[in-house]
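Everything below belongs to structure.tsv, which stores TSV, N, CA, C and O atoms.
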```tsv
chain	number	residue	atom	x	y	z
A	1	MET	N	17.02	-12.04	-13.84
A	1	MET	CA	16.10	-11.40	-14.75
A	1	MET	C	16.06	-12.22	-16.03
A	1	MET	O	17.07	-12.71	-16.49
A	2	SER	N	14.89	-12.36	-16.60
A	2	SER	CA	14.70	-13.12	-17.83
A	2	SER	C	15.55	-12.53	-18.95
A	2	SER	O	15.73	-11.31	-19.02
A	3	ALA	N	16.02	-13.38	-19.83
A	3	ALA	CA	16.90	-12.94	-20.91
A	3	ALA	C	16.21	-11.97	-21.86
A	3	ALA	O	16.85	-11.09	-22.44
A	4	ASN	N	14.89	-12.08	-22.05
A	4	ASN	CA	14.20	-11.20	-22.99
A	4	ASN	C	13.61	-9.95	-22.34
A	4	ASN	O	12.96	-9.17	-22.99
A	5	LEU	N	13.84	-9.72	-21.06
A	5	LEU	CA	13.34	-8.54	-20.37
A	5	LEU	C	14.40	-7.46	-20.40
A	5	LEU	O	15.53	-7.66	-19.94
A	6	GLN	N	14.04	-6.30	-20.96
A	6	GLN	CA	14.98	-5.18	-21.07
A	6	GLN	C	15.11	-4.45	-19.74
A	6	GLN	O	14.16	-4.37	-18.97
A	7	PRO	N	16.30	-3.89	-19.48
A	7	PRO	CA	16.46	-3.07	-18.28
A	7	PRO	C	15.50	-1.88	-18.33
A	7	PRO	O	15.16	-1.38	-19.40
A	8	LEU	N	15.05	-1.45	-17.18
A	8	LEU	CA	14.10	-0.34	-17.13
A	8	LEU	C	14.82	1.00	-17.07
A	8	LEU	O	15.86	1.13	-16.42
A	9	ASP	N	14.24	2.01	-17.73
A	9	ASP	CA	14.71	3.36	-17.55
A	9	ASP	C	13.94	3.97	-16.38
A	9	ASP	O	13.11	3.30	-15.75
A	10	CYS	N	14.22	5.23	-16.07
A	10	CYS	CA	13.56	5.86	-14.91
A	10	CYS	C	12.04	5.85	-15.04
A	10	CYS	O	11.34	5.50	-14.08
A	11	GLN	N	11.52	6.21	-16.19
A	11	GLN	CA	10.07	6.25	-16.36
A	11	GLN	C	9.45	4.87	-16.18
A	11	GLN	O	8.43	4.72	-15.53
A	12	GLY	N	10.09	3.85	-16.74
A	12	GLY	CA	9.58	2.49	-16.60
A	12	GLY	C	9.57	2.02	-15.15
A	12	GLY	O	8.63	1.37	-14.70
A	13	ALA	N	10.62	2.36	-14.43
A	13	ALA	CA	10.70	1.97	-13.01
A	13	ALA	C	9.66	2.72	-12.19
A	13	ALA	O	8.97	2.13	-11.36
A	14	LEU	N	9.53	4.03	-12.44
A	14	LEU	CA	8.58	4.83	-11.67
A	14	LEU	C	7.13	4.47	-12.00
A	14	LEU	O	6.26	4.54	-11.14
A	15	ASP	N	6.88	4.06	-13.24
A	15	ASP	CA	5.53	3.62	-13.62
A	15	ASP	C	5.10	2.39	-12.82
A	15	ASP	O	3.91	2.14	-12.65
A	16	ARG	N	6.07	1.62	-12.36
A	16	ARG	CA	5.77	0.37	-11.63
A	16	ARG	C	6.04	0.48	-10.13
A	16	ARG	O	5.95	-0.51	-9.41
A	17	LEU	N	6.37	1.68	-9.67
A	17	LEU	CA	6.81	1.85	-8.28
A	17	LEU	C	5.76	1.41	-7.26
A	17	LEU	O	6.08	0.68	-6.32
A	18	TYR	N	4.51	1.81	-7.44
A	18	TYR	CA	3.50	1.45	-6.44
A	18	TYR	C	3.18	-0.05	-6.48
A	18	TYR	O	2.97	-0.66	-5.44
A	19	GLU	N	3.19	-0.63	-7.66
A	19	GLU	CA	3.00	-2.08	-7.75
A	19	GLU	C	4.18	-2.80	-7.09
A	19	GLU	O	4.01	-3.83	-6.44
A	20	TYR	N	5.37	-2.23	-7.24
A	20	TYR	CA	6.56	-2.80	-6.60
A	20	TYR	C	6.42	-2.72	-5.08
A	20	TYR	O	6.66	-3.71	-4.37
A	21	LEU	N	6.02	-1.56	-4.58
A	21	LEU	CA	5.85	-1.39	-3.13
A	21	LEU	C	4.78	-2.31	-2.57
A	21	LEU	O	4.87	-2.77	-1.43
A	22	ASP	N	3.76	-2.59	-3.36
A	22	ASP	CA	2.66	-3.46	-2.92
A	22	ASP	C	2.94	-4.94	-3.17
A	22	ASP	O	2.11	-5.79	-2.84
A	23	GLY	N	4.09	-5.28	-3.78
A	23	GLY	CA	4.42	-6.67	-4.06
A	23	GLY	C	3.53	-7.30	-5.11
A	23	GLY	O	3.23	-8.49	-5.03
A	24	GLU	N	3.12	-6.52	-6.11
A	24	GLU	CA	2.17	-6.99	-7.11
A	24	GLU	C	2.80	-7.28	-8.47
A	24	GLU	O	2.09	-7.50	-9.44
A	25	LEU	N	4.13	-7.28	-8.56
A	25	LEU	CA	4.80	-7.50	-9.84
A	25	LEU	C	5.23	-8.95	-9.99
A	25	LEU	O	5.41	-9.67	-9.01
A	26	THR	N	5.41	-9.35	-11.24
A	26	THR	CA	5.97	-10.67	-11.49
A	26	THR	C	7.43	-10.64	-11.01
A	26	THR	O	8.04	-9.55	-10.92
A	27	PRO	N	8.00	-11.79	-10.71
A	27	PRO	CA	9.40	-11.81	-10.24
A	27	PRO	C	10.38	-11.13	-11.20
A	27	PRO	O	11.28	-10.42	-10.75
A	28	ASP	N	10.20	-11.32	-12.51
A	28	ASP	CA	11.11	-10.69	-13.48
A	28	ASP	C	11.02	-9.17	-13.44
A	28	ASP	O	12.03	-8.47	-13.44
A	29	ILE	N	9.80	-8.65	-13.43
A	29	ILE	CA	9.64	-7.19	-13.43
A	29	ILE	C	10.08	-6.62	-12.09
A	29	ILE	O	10.71	-5.57	-12.02
A	30	GLU	N	9.78	-7.33	-11.01
A	30	GLU	CA	10.24	-6.89	-9.69
A	30	GLU	C	11.76	-6.77	-9.66
A	30	GLU	O	12.32	-5.80	-9.15
A	31	GLN	N	12.44	-7.76	-10.23
A	31	GLN	CA	13.91	-7.72	-10.28
A	31	GLN	C	14.40	-6.57	-11.15
A	31	GLN	O	15.38	-5.91	-10.82
A	32	ALA	N	13.70	-6.29	-12.25
A	32	ALA	CA	14.09	-5.18	-13.12
A	32	ALA	C	13.95	-3.85	-12.38
A	32	ALA	O	14.82	-2.97	-12.47
A	33	VAL	N	12.86	-3.68	-11.64
A	33	VAL	CA	12.68	-2.45	-10.86
A	33	VAL	C	13.75	-2.36	-9.79
A	33	VAL	O	14.38	-1.30	-9.61
A	34	ARG	N	14.01	-3.44	-9.06
A	34	ARG	CA	15.03	-3.44	-8.01
A	34	ARG	C	16.39	-3.10	-8.60
A	34	ARG	O	17.15	-2.31	-8.02
A	35	SER	N	16.71	-3.67	-9.74
A	35	SER	CA	18.01	-3.39	-10.39
A	35	SER	C	18.13	-1.91	-10.73
A	35	SER	O	19.18	-1.29	-10.54
A	36	HIS	N	17.04	-1.33	-11.24
A	36	HIS	CA	17.07	0.09	-11.57
A	36	HIS	C	17.23	0.93	-10.30
A	36	HIS	O	18.02	1.87	-10.26
A	37	LEU	N	16.49	0.59	-9.25
A	37	LEU	CA	16.60	1.35	-7.99
A	37	LEU	C	18.00	1.25	-7.39
A	37	LEU	O	18.50	2.22	-6.82
A	38	ASP	N	18.63	0.10	-7.54
A	38	ASP	CA	19.99	-0.07	-7.03
A	38	ASP	C	21.00	0.79	-7.80
A	38	ASP	O	22.01	1.20	-7.24
A	39	ALA	N	20.70	1.06	-9.08
A	39	ALA	CA	21.64	1.80	-9.92
A	39	ALA	C	21.33	3.29	-10.03
A	39	ALA	O	22.20	4.06	-10.43
A	40	CYS	N	20.13	3.72	-9.67
A	40	CYS	CA	19.72	5.10	-9.90
A	40	CYS	C	19.39	5.79	-8.58
A	40	CYS	O	18.35	5.52	-7.96
A	41	ALA	N	20.26	6.68	-8.16
A	41	ALA	CA	20.09	7.37	-6.87
A	41	ALA	C	18.81	8.21	-6.85
A	41	ALA	O	18.14	8.30	-5.82
A	42	ARG	N	18.46	8.84	-7.97
A	42	ARG	CA	17.27	9.68	-8.02
A	42	ARG	C	16.01	8.86	-7.80
A	42	ARG	O	15.15	9.20	-6.98
A	43	CYS	N	15.88	7.76	-8.49
A	43	CYS	CA	14.70	6.89	-8.33
A	43	CYS	C	14.70	6.22	-6.96
A	43	CYS	O	13.64	6.04	-6.36
A	44	PHE	N	15.88	5.85	-6.47
A	44	PHE	CA	15.95	5.23	-5.15
A	44	PHE	C	15.49	6.20	-4.06
A	44	PHE	O	14.80	5.81	-3.12
A	45	ALA	N	15.84	7.48	-4.20
A	45	ALA	CA	15.41	8.48	-3.23
A	45	ALA	C	13.89	8.60	-3.25
A	45	ALA	O	13.25	8.69	-2.19
A	46	LEU	N	13.28	8.60	-4.44
A	46	LEU	CA	11.83	8.66	-4.54
A	46	LEU	C	11.19	7.41	-3.95
A	46	LEU	O	10.20	7.48	-3.23
A	47	PHE	N	11.79	6.25	-4.23
A	47	PHE	CA	11.31	5.00	-3.64
A	47	PHE	C	11.33	5.08	-2.12
A	47	PHE	O	10.35	4.72	-1.46
A	48	ASN	N	12.44	5.55	-1.55
A	48	ASN	CA	12.54	5.66	-0.09
A	48	ASN	C	11.47	6.58	0.48
A	48	ASN	O	10.88	6.28	1.52
A	49	PHE	N	11.23	7.70	-0.19
A	49	PHE	CA	10.20	8.63	0.27
A	49	PHE	C	8.83	7.97	0.23
A	49	PHE	O	8.08	7.99	1.22
A	50	GLU	N	8.47	7.37	-0.89
A	50	GLU	CA	7.16	6.74	-1.04
A	50	GLU	C	6.98	5.57	-0.07
A	50	GLU	O	5.92	5.42	0.53
A	51	ASP	N	8.00	4.77	0.09
A	51	ASP	CA	7.95	3.65	1.03
A	51	ASP	C	7.73	4.15	2.45
A	51	ASP	O	6.87	3.64	3.18
A	52	GLY	N	8.47	5.16	2.84
A	52	GLY	CA	8.31	5.73	4.18
A	52	GLY	C	6.95	6.36	4.38
A	52	GLY	O	6.32	6.21	5.43
A	53	PHE	N	6.46	7.05	3.36
A	53	PHE	CA	5.15	7.69	3.45
A	53	PHE	C	4.05	6.64	3.60
A	53	PHE	O	3.15	6.78	4.44
A	54	LEU	N	4.10	5.59	2.81
A	54	LEU	CA	3.09	4.53	2.91
A	54	LEU	C	3.13	3.84	4.28
A	54	LEU	O	2.09	3.53	4.85
A	55	LYS	N	4.31	3.62	4.80
A	55	LYS	CA	4.44	3.01	6.13
A	55	LYS	C	3.90	3.94	7.21
A	55	LYS	O	3.25	3.50	8.16
A	56	PHE	N	4.13	5.24	7.06
A	56	PHE	CA	3.59	6.22	7.99
A	56	PHE	C	2.07	6.20	7.96
A	56	PHE	O	1.42	6.16	9.01
A	57	LEU	N	1.48	6.22	6.76
A	57	LEU	CA	0.02	6.19	6.64
A	57	LEU	C	-0.56	4.92	7.26
A	57	LEU	O	-1.56	4.96	7.97
A	58	GLU	N	0.08	3.81	6.99
A	58	GLU	CA	-0.39	2.54	7.54
A	58	GLU	C	-0.35	2.56	9.08
A	58	GLU	O	-1.31	2.14	9.74
A	59	ALA	N	0.72	3.07	9.63
A	59	ALA	CA	0.84	3.12	11.09
A	59	ALA	C	-0.19	4.08	11.69
A	59	ALA	O	-0.79	3.78	12.73
A	60	ARG	N	-0.42	5.22	11.06
A	60	ARG	CA	-1.39	6.19	11.58
A	60	ARG	C	-2.81	5.64	11.52
A	60	ARG	O	-3.57	5.82	12.46
A	61	THR	N	-3.17	4.99	10.44
A	61	THR	CA	-4.53	4.49	10.33
A	61	THR	C	-4.75	3.30	11.26
A	61	THR	O	-5.84	3.13	11.79
A	62	ARG	N	-3.75	2.50	11.47
A	62	ARG	CA	-3.86	1.37	12.38
A	62	ARG	C	-3.97	1.85	13.82
A	62	ARG	O	-4.74	1.33	14.60
A	63	ALA	N	-3.22	2.87	14.17
A	63	ALA	CA	-3.19	3.35	15.54
A	63	ALA	C	-4.48	4.07	15.93
A	63	ALA	O	-4.93	3.97	17.06
A	64	GLN	N	-5.10	4.78	15.00
A	64	GLN	CA	-6.27	5.57	15.35
A	64	GLN	C	-7.53	4.73	15.45
A	64	GLN	O	-8.31	4.90	16.37
A	65	GLY	N	-7.77	3.86	14.52
A	65	GLY	CA	-8.97	3.04	14.55
A	65	GLY	C	-10.23	3.89	14.44
A	65	GLY	O	-10.18	5.08	14.21
A	66	ALA	N	-11.35	3.26	14.63
A	66	ALA	CA	-12.63	3.96	14.54
A	66	ALA	C	-12.88	4.72	15.84
A	66	ALA	O	-12.54	4.26	16.92
A	67	PRO	N	-13.54	5.88	15.74
A	67	PRO	CA	-13.87	6.64	16.96
A	67	PRO	C	-14.84	5.83	17.83
A	67	PRO	O	-15.66	5.05	17.33
A	68	PRO	N	-14.77	6.01	19.16
A	68	PRO	CA	-15.62	5.24	20.09
A	68	PRO	C	-17.12	5.37	19.78
A	68	PRO	O	-17.85	4.39	19.87
A	69	GLU	N	-17.57	6.56	19.43
A	69	GLU	CA	-19.00	6.75	19.14
A	69	GLU	C	-19.42	5.92	17.93
A	69	GLU	O	-20.50	5.32	17.92
A	70	LEU	N	-18.59	5.86	16.92
A	70	LEU	CA	-18.91	5.04	15.75
A	70	LEU	C	-19.00	3.57	16.14
A	70	LEU	O	-19.92	2.87	15.72
A	71	LYS	N	-18.07	3.10	16.95
A	71	LYS	CA	-18.11	1.70	17.40
A	71	LYS	C	-19.40	1.42	18.16
A	71	LYS	O	-20.05	0.39	17.95
A	72	ARG	N	-19.80	2.35	19.05
A	72	ARG	CA	-21.05	2.16	19.81
A	72	ARG	C	-22.26	2.09	18.89
A	72	ARG	O	-23.14	1.25	19.05
A	73	ARG	N	-22.31	2.99	17.90
A	73	ARG	CA	-23.45	3.00	16.97
A	73	ARG	C	-23.51	1.70	16.17
A	73	ARG	O	-24.59	1.14	15.95
A	74	ILE	N	-22.37	1.21	15.75
A	74	ILE	CA	-22.35	-0.04	14.98
A	74	ILE	C	-22.81	-1.19	15.85
A	74	ILE	O	-23.65	-2.00	15.44
A	75	LEU	N	-22.26	-1.30	17.06
A	75	LEU	CA	-22.67	-2.39	17.97
A	75	LEU	C	-24.15	-2.29	18.31
A	75	LEU	O	-24.86	-3.31	18.32
A	76	ARG	N	-24.63	-1.08	18.57
A	76	ARG	CA	-26.05	-0.89	18.88
A	76	ARG	C	-26.90	-1.36	17.70
A	76	ARG	O	-27.89	-2.07	17.88
A	77	SER	N	-26.50	-1.00	16.52
A	77	SER	CA	-27.24	-1.39	15.32
A	77	SER	C	-27.24	-2.91	15.14
A	77	SER	O	-28.28	-3.50	14.82
A	78	ILE	N	-26.13	-3.54	15.39
A	78	ILE	CA	-26.04	-5.00	15.26
A	78	ILE	C	-26.95	-5.68	16.27
A	78	ILE	O	-27.73	-6.57	15.92
A	79	PHE	N	-26.85	-5.25	17.53
A	79	PHE	CA	-27.66	-5.90	18.57
A	79	PHE	C	-29.14	-5.60	18.42
A	79	PHE	O	-29.98	-6.45	18.72
A	80	GLU	N	-29.48	-4.42	17.94
A	80	GLU	CA	-30.90	-4.12	17.70
A	80	GLU	C	-31.45	-5.00	16.59
A	80	GLU	O	-32.57	-5.48	16.68
A	81	ASP	N	-30.65	-5.24	15.55
A	81	ASP	CA	-31.10	-6.10	14.46
A	81	ASP	C	-31.28	-7.53	14.93
A	81	ASP	O	-32.20	-8.24	14.51
A	82	GLU	N	-30.40	-8.00	15.83
A	82	GLU	CA	-30.49	-9.37	16.32
A	82	GLU	C	-31.69	-9.57	17.24
A	82	GLU	O	-32.29	-10.62	17.28
A	83	SER	N	-32.07	-8.54	17.98
A	83	SER	CA	-33.19	-8.68	18.92
A	83	SER	C	-34.54	-8.42	18.26
A	83	SER	O	-35.57	-8.68	18.85
A	84	ALA	N	-34.53	-7.90	17.04
A	84	ALA	CA	-35.80	-7.64	16.35
A	84	ALA	C	-36.45	-8.96	15.98
A	84	ALA	O	-35.77	-9.92	15.57
A	85	PRO	N	-37.78	-9.07	16.12
A	85	PRO	CA	-38.46	-10.31	15.74
A	85	PRO	C	-38.35	-10.54	14.25
A	85	PRO	O	-38.38	-9.62	13.46
A	86	GLU	N	-38.18	-11.82	13.89
A	86	GLU	CA	-38.09	-12.17	12.47
A	86	GLU	C	-39.48	-12.15	11.86
A	86	GLU	O	-40.46	-12.52	12.48
A	87	SER	N	-39.56	-11.71	10.63
A	87	SER	CA	-40.85	-11.63	9.94
A	87	SER	C	-41.21	-12.94	9.30
A	87	SER	O	-40.46	-13.67	8.85
```
Take the structure from the file and write it as structure tokens.
Amino acid sequence: MSANLQPLDCQGALDRLYEYLDGELTPDIEQAVRSHLDACARCFALFNFEDGFLKFLEARTRAQGAPPELKRRILRSIFEDESAPES
């Protein structure tokens, strides 16, 4: 962690939690959040819940995909546009 970066309190760590989960923080701030999570059981429990919830949502949305009827309508629309005469 950079010498001029202060340790984070709970609010500071939680304010950056979603950016941390998405890998959007600078290395120094990421390390500060990780250090806080390693030291604070309450924030670590919230991190674990949020991380698990996001992974669950990602798996559910990936597994379901678009309904078959929607896929057919999209493909029909694409092919109809391609077969239409150009103006």
Please identify every residue of region 35-74 of chain A that has at least one atom no farther than 9 Å from an atom of region 2-18 of chain A, counting only C-alpha atoms, and for each give the shortest atom pair and the distance in Å to one decimal, arranged by chain then increasing number, as CSV.
```
residue,atom,partner,partner_atom,distance
A:Ser35,CA,A:Pro7,CA,8.0
A:His36,CA,A:Leu8,CA,6.3
A:Leu37,CA,A:Ala13,CA,7.8
A:Cys40,CA,A:Cys10,CA,8.0
A:Arg42,CA,A:Cys10,CA,8.7
A:Cys43,CA,A:Cys10,CA,6.8
A:Leu46,CA,A:Leu14,CA,8.7
A:Phe47,CA,A:Leu17,CA,7.2
A:Glu50,CA,A:Tyr18,CA,8.4
A:Asp51,CA,A:Tyr18,CA,9.0
```
With 4 Å added on each side, what axis-aligned box encloses every listed atom of region 26-45 of chain A? Give the centre and edge lengths in Å to one decimal, as JSON.
```
{"center_x": 13.8, "center_y": -1.1, "center_z": -7.8, "size_x": 24.8, "size_y": 29.5, "size_z": 19.3}
```
Could you give me the residues within chain A that DSSP places in helix (DSSP H, G or I), as a VMD selection string? chain A and resid 10 to 15 17 to 21 27 to 39 41 to 64 68 to 83
Calculate how many Å separate atom N of Arg76 (chain A) from atom O of Ala59 (chain A), rounding to one decimal.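 Taking atom N of Arg76 (chain A) as the start and atom O of Ala59 (chain A) as the end point, the length is 25.0 Å.
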